[in-house]
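Below is run-v9.tsv, which holds TSV, C-alpha atoms and all ligand atoms.
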chain	number	residue	atom	x	y	z
A	75	MET	CA	-18.47	3.58	-0.12
A	76	PRO	CA	-19.38	7.14	0.99
A	77	GLU	CA	-16.75	9.87	0.76
A	78	SER	CA	-15.86	9.70	4.47
A	79	ASP	CA	-14.88	6.06	4.11
A	80	TYR	CA	-12.05	7.20	1.85
A	81	GLU	CA	-10.68	8.99	4.90
A	82	ARG	CA	-10.96	5.87	7.07
A	83	GLN	CA	-10.12	3.09	4.62
A	84	THR	CA	-7.46	4.76	2.48
A	85	ARG	CA	-6.18	8.15	3.66
A	86	ARG	CA	-5.77	7.24	7.33
A	87	ALA	CA	-5.72	3.44	7.07
A	88	TYR	CA	-2.02	3.08	6.36
A	89	ARG	CA	-0.85	5.47	9.06
A	90	ASP	CA	-0.37	2.54	11.36
A	91	ARG	CA	2.83	0.53	11.67
A	92	TYR	CA	1.07	-2.84	11.99
A	93	LYS	CA	-0.96	-2.22	8.86
A	94	ALA	CA	2.19	-1.07	7.06
A	95	ALA	CA	4.11	-4.20	8.12
A	96	GLU	CA	1.21	-6.41	7.08
A	97	TYR	CA	1.03	-4.68	3.70
A	98	ARG	CA	4.71	-5.31	3.08
A	99	ARG	CA	4.43	-8.95	4.14
A	100	GLN	CA	1.51	-9.55	1.78
A	101	HIS	CA	3.27	-7.92	-1.14
A	102	THR	CA	6.77	-9.27	-0.67
A	103	ASP	CA	6.99	-12.29	1.65
A	104	GLN	CA	3.82	-14.33	1.30
A	105	LEU	CA	2.56	-16.38	-1.64
A	106	THR	CA	-0.50	-14.23	-2.30
A	107	TRP	CA	-2.47	-13.00	-5.29
A	108	ALA	CA	-1.42	-9.47	-4.26
A	109	ARG	CA	2.22	-10.43	-4.59
A	110	PHE	CA	1.70	-12.02	-7.99
A	111	ALA	CA	-0.30	-9.02	-9.23
A	112	THR	CA	2.36	-6.65	-7.90
A	113	ALA	CA	5.08	-8.53	-9.81
A	114	ARG	CA	3.01	-8.13	-12.99
A	115	GLU	CA	2.42	-4.43	-12.23
A	116	LYS	CA	6.15	-3.89	-11.84
A	117	ARG	CA	6.87	-5.52	-15.22
A	118	GLY	CA	4.19	-3.37	-16.80
A	119	VAL	CA	5.51	-0.16	-15.27
A	120	ALA	CA	9.03	-1.03	-16.47
A	121	ALA	CA	7.71	-1.52	-20.02
A	122	LEU	CA	5.89	1.84	-19.92
A	123	LEU	CA	8.90	3.64	-18.48
A	124	ARG	CA	11.02	2.30	-21.32
A	125	LEU	CA	8.58	3.98	-23.73
A	126	CYS	CA	9.10	7.28	-21.90
A	127	ASP	CA	12.86	7.06	-22.45
A	128	LEU	CA	13.73	9.38	-19.55
A	129	GLY	CA	17.38	10.35	-19.11
A	130	PRO	CA	19.57	10.70	-16.00
A	131	GLN	CA	18.73	14.41	-15.71
A	132	GLU	CA	15.03	13.63	-15.19
A	133	ILE	CA	13.31	13.12	-11.84
A	134	ILE	CA	10.29	10.92	-11.44
A	135	LEU	CA	7.77	10.99	-8.61
A	136	ASP	CA	6.58	7.70	-7.07
A	137	ILE	CA	3.34	8.60	-5.25
A	138	PRO	CA	1.96	6.98	-3.15
A	139	CYS	CA	5.20	5.05	-2.73
A	140	GLY	CA	3.84	2.92	0.13
A	141	THR	CA	6.51	0.50	1.36
A	142	GLY	CA	8.61	0.99	-1.79
A	143	VAL	CA	7.17	-1.83	-3.88
A	144	LEU	CA	8.31	-0.06	-7.06
A	145	ALA	CA	11.86	0.74	-5.92
A	146	GLU	CA	13.48	-2.33	-7.48
A	147	THR	CA	11.88	-1.58	-10.85
A	148	LEU	CA	12.91	2.07	-10.79
A	149	ALA	CA	16.49	1.04	-9.97
A	150	GLU	CA	16.79	-0.36	-13.54
A	151	PHE	CA	16.57	3.19	-14.94
A	152	PRO	CA	19.03	6.10	-14.97
A	153	PHE	CA	16.63	8.82	-13.73
A	154	ARG	CA	16.35	10.08	-10.15
A	155	VAL	CA	13.36	9.42	-7.91
A	156	VAL	CA	11.38	11.28	-5.26
A	157	ALA	CA	9.09	9.06	-3.17
A	158	ALA	CA	6.01	10.47	-1.45
A	159	ASP	CA	3.13	9.14	0.62
A	160	ILE	CA	0.76	10.42	3.27
A	161	SER	CA	1.82	7.66	5.63
A	162	ARG	CA	5.14	7.97	7.43
A	163	GLU	CA	4.64	4.41	8.68
A	164	MET	CA	4.60	3.09	5.11
A	165	MET	CA	7.55	5.26	4.04
A	166	ARG	CA	9.58	4.11	7.03
A	167	LEU	CA	9.54	0.63	5.50
A	168	ALA	CA	10.47	2.03	2.10
A	169	VAL	CA	13.62	3.82	3.20
A	170	TYR	CA	16.04	1.01	2.35
A	171	ALA	CA	14.18	-0.19	-0.73
A	172	TYR	CA	15.31	2.58	-3.10
A	173	LYS	CA	18.73	2.55	-4.72
A	174	LYS	CA	21.20	4.76	-2.93
A	175	GLY	CA	22.12	7.73	-5.06
A	176	GLN	CA	18.96	7.40	-7.14
A	177	CYS	CA	16.46	8.43	-4.48
A	178	ARG	CA	16.41	12.19	-3.83
A	179	GLY	CA	14.30	11.79	-0.71
A	180	PHE	CA	10.94	11.04	0.87
A	181	VAL	CA	8.16	13.57	1.30
A	182	GLN	CA	5.01	13.21	3.36
A	183	ALA	CA	2.38	14.50	0.98
A	184	ASP	CA	-1.32	14.35	0.23
A	185	ILE	CA	-1.79	13.35	-3.40
A	186	THR	CA	-4.72	15.76	-3.79
A	187	CYS	CA	-2.55	18.79	-2.94
A	188	PRO	CA	1.10	17.75	-3.30
A	189	PRO	CA	3.66	20.33	-2.19
A	190	PHE	CA	5.70	20.32	-5.41
A	191	LYS	CA	6.26	22.87	-8.18
A	192	ASN	CA	4.49	22.71	-11.52
A	193	ASP	CA	6.28	20.55	-14.11
A	194	ALA	CA	8.79	19.40	-11.48
A	195	TYR	CA	8.88	15.80	-12.76
A	196	GLY	CA	9.49	14.04	-16.07
A	197	CYS	CA	6.97	11.39	-15.06
A	198	VAL	CA	4.66	10.70	-12.13
A	199	VAL	CA	3.85	7.07	-11.25
A	200	VAL	CA	0.72	6.24	-9.23
A	201	LEU	CA	0.04	2.61	-8.33
A	202	GLY	CA	-2.64	1.16	-6.11
A	203	PHE	CA	-4.53	4.38	-5.44
A	204	MET	CA	-7.09	5.40	-8.09
A	205	HIS	CA	-9.23	2.27	-7.69
A	206	ARG	CA	-9.50	2.89	-3.94
A	207	VAL	CA	-10.96	6.39	-4.01
A	208	PRO	CA	-14.34	7.92	-4.90
A	209	PRO	CA	-14.72	9.87	-8.17
A	210	LEU	CA	-14.27	13.33	-6.65
A	211	ILE	CA	-10.99	12.43	-4.96
A	212	ARG	CA	-9.84	10.61	-8.09
A	213	ALA	CA	-10.53	13.69	-10.22
A	214	GLU	CA	-8.85	16.02	-7.71
A	215	SER	CA	-5.79	13.75	-7.60
A	216	LEU	CA	-5.47	13.49	-11.37
A	217	ARG	CA	-5.68	17.28	-11.70
A	218	ALA	CA	-2.98	17.77	-9.06
A	219	LEU	CA	-0.70	15.16	-10.61
A	220	CYS	CA	-1.14	16.59	-14.07
A	221	ARG	CA	0.20	19.89	-12.78
A	222	LEU	CA	3.35	18.20	-11.44
A	223	THR	CA	4.44	16.38	-14.55
A	224	GLU	CA	6.17	17.98	-17.48
A	225	ARG	CA	5.12	15.17	-19.77
A	226	PHE	CA	4.22	11.64	-18.61
A	227	LEU	CA	1.96	9.96	-16.06
A	228	ILE	CA	1.72	6.23	-15.36
A	229	LEU	CA	-1.34	5.22	-13.34
A	230	SER	CA	-3.14	2.04	-12.38
A	231	TYR	CA	-6.95	1.86	-12.47
A	232	SER	CA	-9.50	-0.89	-12.07
A	233	LEU	CA	-11.86	-1.31	-15.04
A	234	ASP	CA	-15.50	-2.24	-14.71
A	235	SER	CA	-16.90	-4.56	-17.41
A	236	PRO	CA	-19.57	-7.30	-17.67
A	237	ALA	CA	-16.82	-9.94	-17.60
A	238	GLN	CA	-15.27	-8.47	-14.45
A	239	ARG	CA	-18.69	-8.23	-12.77
A	240	PHE	CA	-19.31	-11.89	-13.55
A	241	LYS	CA	-15.89	-12.78	-12.12
A	242	ARG	CA	-16.66	-10.80	-8.95
A	243	ARG	CA	-19.90	-12.70	-8.45
A	244	MET	CA	-18.09	-16.02	-8.83
A	245	VAL	CA	-15.27	-15.07	-6.46
A	246	ARG	CA	-17.72	-13.70	-3.90
A	247	PHE	CA	-19.65	-16.96	-4.08
A	248	ALA	CA	-16.47	-18.92	-3.29
A	249	ASN	CA	-15.02	-16.48	-0.76
A	250	GLN	CA	-17.26	-13.92	0.91
A	251	CYS	CA	-14.34	-12.22	2.62
A	252	HIS	CA	-12.56	-11.32	-0.61
A	253	ARG	CA	-12.20	-7.54	-0.96
A	254	PHE	CA	-12.39	-6.01	-4.40
A	255	ALA	CA	-11.29	-2.61	-5.63
A	256	PRO	CA	-14.12	-0.39	-4.33
A	257	TYR	CA	-14.06	2.05	-7.27
A	258	PRO	CA	-13.66	0.39	-10.65
A	259	LEU	CA	-14.75	2.59	-13.56
A	260	LYS	CA	-15.95	1.99	-17.09
A	261	ARG	CA	-13.49	2.42	-19.94
A	262	GLU	CA	-15.51	5.36	-21.32
A	263	GLU	CA	-15.53	7.14	-17.95
A	264	LEU	CA	-11.78	6.67	-17.72
A	265	ARG	CA	-11.26	8.17	-21.17
A	266	ARG	CA	-13.47	11.13	-20.27
A	267	GLU	CA	-11.62	11.81	-16.99
A	268	VAL	CA	-8.26	11.65	-18.67
A	269	HIS	CA	-9.19	13.81	-21.67
A	270	ARG	CA	-10.78	16.40	-19.38
A	271	GLU	CA	-7.31	17.03	-17.93
A	272	GLY	CA	-5.76	17.48	-21.38
A	273	LEU	CA	-4.02	14.11	-21.33
A	274	ALA	CA	-3.62	11.67	-24.20
A	275	ILE	CA	-3.66	7.91	-23.65
A	276	ARG	CA	-0.48	6.52	-25.17
A	277	LYS	CA	-0.96	2.94	-23.96
A	278	ILE	CA	-3.38	0.84	-21.91
A	279	MET	CA	-1.97	-2.42	-20.58
A	280	PRO	CA	-3.88	-5.08	-18.62
A	281	VAL	CA	-1.94	-6.23	-15.56
A	282	VAL	CA	-3.14	-9.86	-15.69
A	283	PRO	CA	-5.24	-10.28	-18.87
A	284	MET	CA	-8.72	-11.75	-18.19
A	285	LEU	CA	-8.06	-12.43	-14.52
A	286	SER	CA	-7.60	-8.94	-13.13
A	287	SER	CA	-9.58	-5.76	-13.71
A	288	GLU	CA	-6.45	-3.69	-13.20
A	289	VAL	CA	-4.92	-1.77	-16.07
A	290	LEU	CA	-1.85	0.43	-16.39
A	291	LEU	CA	-2.08	3.63	-18.38
A	292	LEU	CA	0.67	5.65	-19.95
A	293	LEU	CA	-0.62	9.21	-20.33
A	294	GLU	CA	1.03	12.19	-21.94
A	295	LYS	CA	0.24	15.88	-21.59
A	296	ILE	CA	-1.00	17.40	-24.81
A	297	PRO	CA	0.86	20.72	-25.24
A	298	SER	CA	-1.65	23.61	-25.14
B	301	LIG	C1	-2.60	0.31	-1.56
B	301	LIG	S1	-1.27	1.31	-0.99
B	301	LIG	C2	-0.31	1.44	-2.51
B	301	LIG	C3	1.15	1.78	-2.23
B	301	LIG	C4	2.09	1.56	-3.40
B	301	LIG	N1	1.83	2.45	-4.49
B	301	LIG	C5	2.04	0.11	-3.86
B	301	LIG	O1	1.63	-0.14	-5.02
B	301	LIG	O2	2.39	-0.76	-3.07
B	301	LIG	C6	-2.07	2.86	-0.86
B	301	LIG	C7	-1.13	3.95	-0.37
B	301	LIG	O3	-1.77	5.21	-0.55
B	301	LIG	C8	-1.40	6.05	0.51
B	301	LIG	N2	-2.37	7.14	0.59
B	301	LIG	C9	-3.66	7.08	0.95
B	301	LIG	N3	-4.26	8.28	0.83
B	301	LIG	C10	-3.30	9.13	0.38
B	301	LIG	C11	-3.28	10.52	0.06
B	301	LIG	N4	-4.38	11.27	0.14
B	301	LIG	N5	-2.13	11.06	-0.37
B	301	LIG	C12	-1.00	10.31	-0.48
B	301	LIG	N6	-0.94	9.00	-0.20
B	301	LIG	C13	-2.09	8.41	0.22
B	301	LIG	C14	-1.40	5.12	1.70
B	301	LIG	O4	-0.70	5.67	2.79
B	301	LIG	C15	-0.78	3.86	1.10
B	301	LIG	O5	0.61	3.87	1.26
Give the structure from this file in structure tokens form.
Ligand SMILES: C[S@@+](CC[C@H](N)C(=O)[O-])C[C@H]1O[C@@H](n2cnc3c(N)ncnc32)[C@H](O)[C@@H]1O
Amino acid sequence: MPESDYERQTRRAYRDRYKAAEYRRQHTDQLTWARFATAREKRGVAALLRLCDLGPQEIILDIPCGTGVLAETLAEFPFRVVAADISREMMRLAVYAYKKGQCRGFVQADITCPPFKNDAYGCVVVLGFMHRVPPLIRAESLRALCRLTERFLILSYSLDSPAQRFKRRMVRFANQCHRFAPYPLKREELRREVHREGLAIRKIMPVVPMLSSEVLLLLEKIPS
């Protein structure tokens, strides 16, 4: 996918109320793989957040928050939340998802140049984004997010491996319309990208072992 397709298929794609409504339906109402995978992601994020042990004085950033898929999970914790996304249409559906009193507000923001102060958050959570964007945007986003967090980052990525490539071929054979994460990356590339930003990998967790290429990472800033 050339760079400009990122603009069309990710950055602008969700700025449409029909697309936003369809996204929410697929992830919350229908019996879909996306819904199952999202439920697993949420459990994984909760487990990683428990490791961070963030107190009520901390604020975490949920970006891109989309339709608020993560709100229910975040409501289990004492910290406060800021939710951000480039799409107002997606955020409009997220407004009632977050726990009242916990959510400090919604901000329309581009993840590659977010309008927040350095070290403003105890943790930044990024789901469903890194596997959709080309390497340059992914690197730019990670750099920007690293600046925002005082300590932790939780991100989802899609890993490329021989087993996953074999699975893709099989699925494509059965269903030619199936759409895969356009930008999976090899484990070594992922390590390199993360270390380049001065981050340490505290935990890597598969979302659905064997069946999905998606992994959750808990990263921590290494003090300089
Ligand atoms: C696949 S959805 C994931 C949303 C949510 N994290 C989830 O797991 O349901 C991708 C989201 O990224 C947002 N997005 C795309 N490009 C963005 C950018 N440059 N900055 C911020 N958000 C962006 C879209 O508006 C959309 O809400």
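The neighbours of Tyr172 of chain A here are the residues that come within 10 Å of it, using only C-alpha atoms and leaving out any residue fewer than 6 positions away in the same chain; they are A:Gly142, A:Val143, A:Leu144, A:Ala145, A:Glu146, A:Thr147, A:Leu148, A:Ala149, A:Val155, A:Val156, A:Ala157, A:Arg178, A:Gly179.
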- Task: Name the residues, by chain letter and number, that sit within 6 Å of ligand LIG 301 (chain B) using all atoms listed in the file, and give them as an NGL selection string.
- Result: :A and (84-85 or 88 or 138-140 or 143 or 159-161 or 164 or 183-186 or 201-203)
- Task: Considering all atoms listed in the file, state which residue in the set A:Lys116, A:His269, A:Arg89, A:Arg253 is at the smallest distance from Ser230 of chain A.
- Result: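 With all atoms listed in the file as the atom set, the closest residue is A:Lys116.
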- In Å, with one decimal, what is the gap from atom CA of Phe226 of chain A to atom CA of Phe151 of chain A?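 So the answer is 15.4 Å.
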- Could you please give me, as number ranges by chain, the residues of protein, DNA or RNA lying at most 9 Å from (2.3, 3.3, 10.0) in the coordinate frame of the file, considering only C-alpha atoms? A: 87-95, 161-167
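Here atom CA of Pro208 of chain A is placed at a distance of 25.9 Å from atom CA of Leu122 of chain A.
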Select all residues near (-15.4, -9.9, -17.2) (cut-off 12 Å, inclusive, file coordinates), counting all atoms listed in the file, and output them as a PDB file with C-alpha atoms, in the coordinates of the input.
ATOM      1  CA  SER A 232      -9.500  -0.890 -12.070  1.00  0.00           C
ATOM      2  CA  LEU A 233     -11.860  -1.310 -15.040  1.00  0.00           C
ATOM      3  CA  ASP A 234     -15.500  -2.240 -14.710  1.00  0.00           C
ATOM      4  CA  SER A 235     -16.900  -4.560 -17.410  1.00  0.00           C
ATOM      5  CA  PRO A 236     -19.570  -7.300 -17.670  1.00  0.00           C
ATOM      6  CA  ALA A 237     -16.820  -9.940 -17.600  1.00  0.00           C
ATOM      7  CA  GLN A 238     -15.270  -8.470 -14.450  1.00  0.00           C
ATOM      8  CA  ARG A 239     -18.690  -8.230 -12.770  1.00  0.00           C
ATOM      9  CA  PHE A 240     -19.310 -11.890 -13.550  1.00  0.00           C
ATOM     10  CA  LYS A 241     -15.890 -12.780 -12.120  1.00  0.00           C
ATOM     11  CA  ARG A 242     -16.660 -10.800  -8.950  1.00  0.00           C
ATOM     12  CA  ARG A 243     -19.900 -12.700  -8.450  1.00  0.00           C
ATOM     13  CA  MET A 244     -18.090 -16.020  -8.830  1.00  0.00           C
ATOM     14  CA  VAL A 245     -15.270 -15.070  -6.460  1.00  0.00           C
ATOM     15  CA  LYS A 260     -15.950   1.990 -17.090  1.00  0.00           C
ATOM     16  CA  PRO A 283      -5.240 -10.280 -18.870  1.00  0.00           C
ATOM     17  CA  MET A 284      -8.720 -11.750 -18.190  1.00  0.00           C
ATOM     18  CA  LEU A 285      -8.060 -12.430 -14.520  1.00  0.00           C
ATOM     19  CA  SER A 286      -7.600  -8.940 -13.130  1.00  0.00           C
ATOM     20  CA  SER A 287      -9.580  -5.760 -13.710  1.00  0.00           C
ATOM     21  CA  GLU A 288      -6.450  -3.690 -13.200  1.00  0.00           C
TER      22      GLU A 288
END
- Message: Need the shell around Arg276 of chain A: protein/DNA/RNA residues with any atom at most 12 Å away, counting only C-alpha atoms. Skip same-chain ones fewer than 4 positions apart. Format as number ranges by chain?
- Response: A: 122-123, 125-126, 225-229, 265, 268-269, 290-296
- Item | Given all atoms listed in the file as the counted atoms, nearest of A:Leu135, A:Ile275, A:Ala168, A:Leu216 to Lys191 of chain A | A:Leu135
Build an axis-aligned box that encloses every atom of segment 81-92 of chain A listed in the file, pad it by 3 Å on each side, and report its centre and edge lengths in Å to one decimal, as AutoDock Vina command-line options.
--center_x -4.1 --center_y 3.1 --center_z 7.2 --size_x 19.8 --size_y 17.8 --size_z 15.5
- In Å, rounded to a single decimal, give me how far atom CA of Phe153 of chain A is from atom CA of Cys177 of chain A.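 Atom CA of Cys177 of chain A sits 9.3 Å away from atom CA of Phe153 of chain A.
Ranking A:Ser298, A:Tyr257, A:Thr102, A:Asp127 by their shortest atom-to-atom distance to Ala171 of chain A, with all atoms listed in the file included, puts A:Thr102 first.
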- From the list A:Phe190, A:Phe254, A:Phe247, A:Tyr97, which residue is nearest Arg109 of chain A when using only C-alpha atoms?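 Among the listed residues, A:Tyr97 lies closest to Arg109 of chain A.
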- Pick the closest to Pro280 of chain A from A:Glu115, A:Asp103, A:Glu96, A:Asp136: which is it, counting all atoms listed in the file? A:Glu115
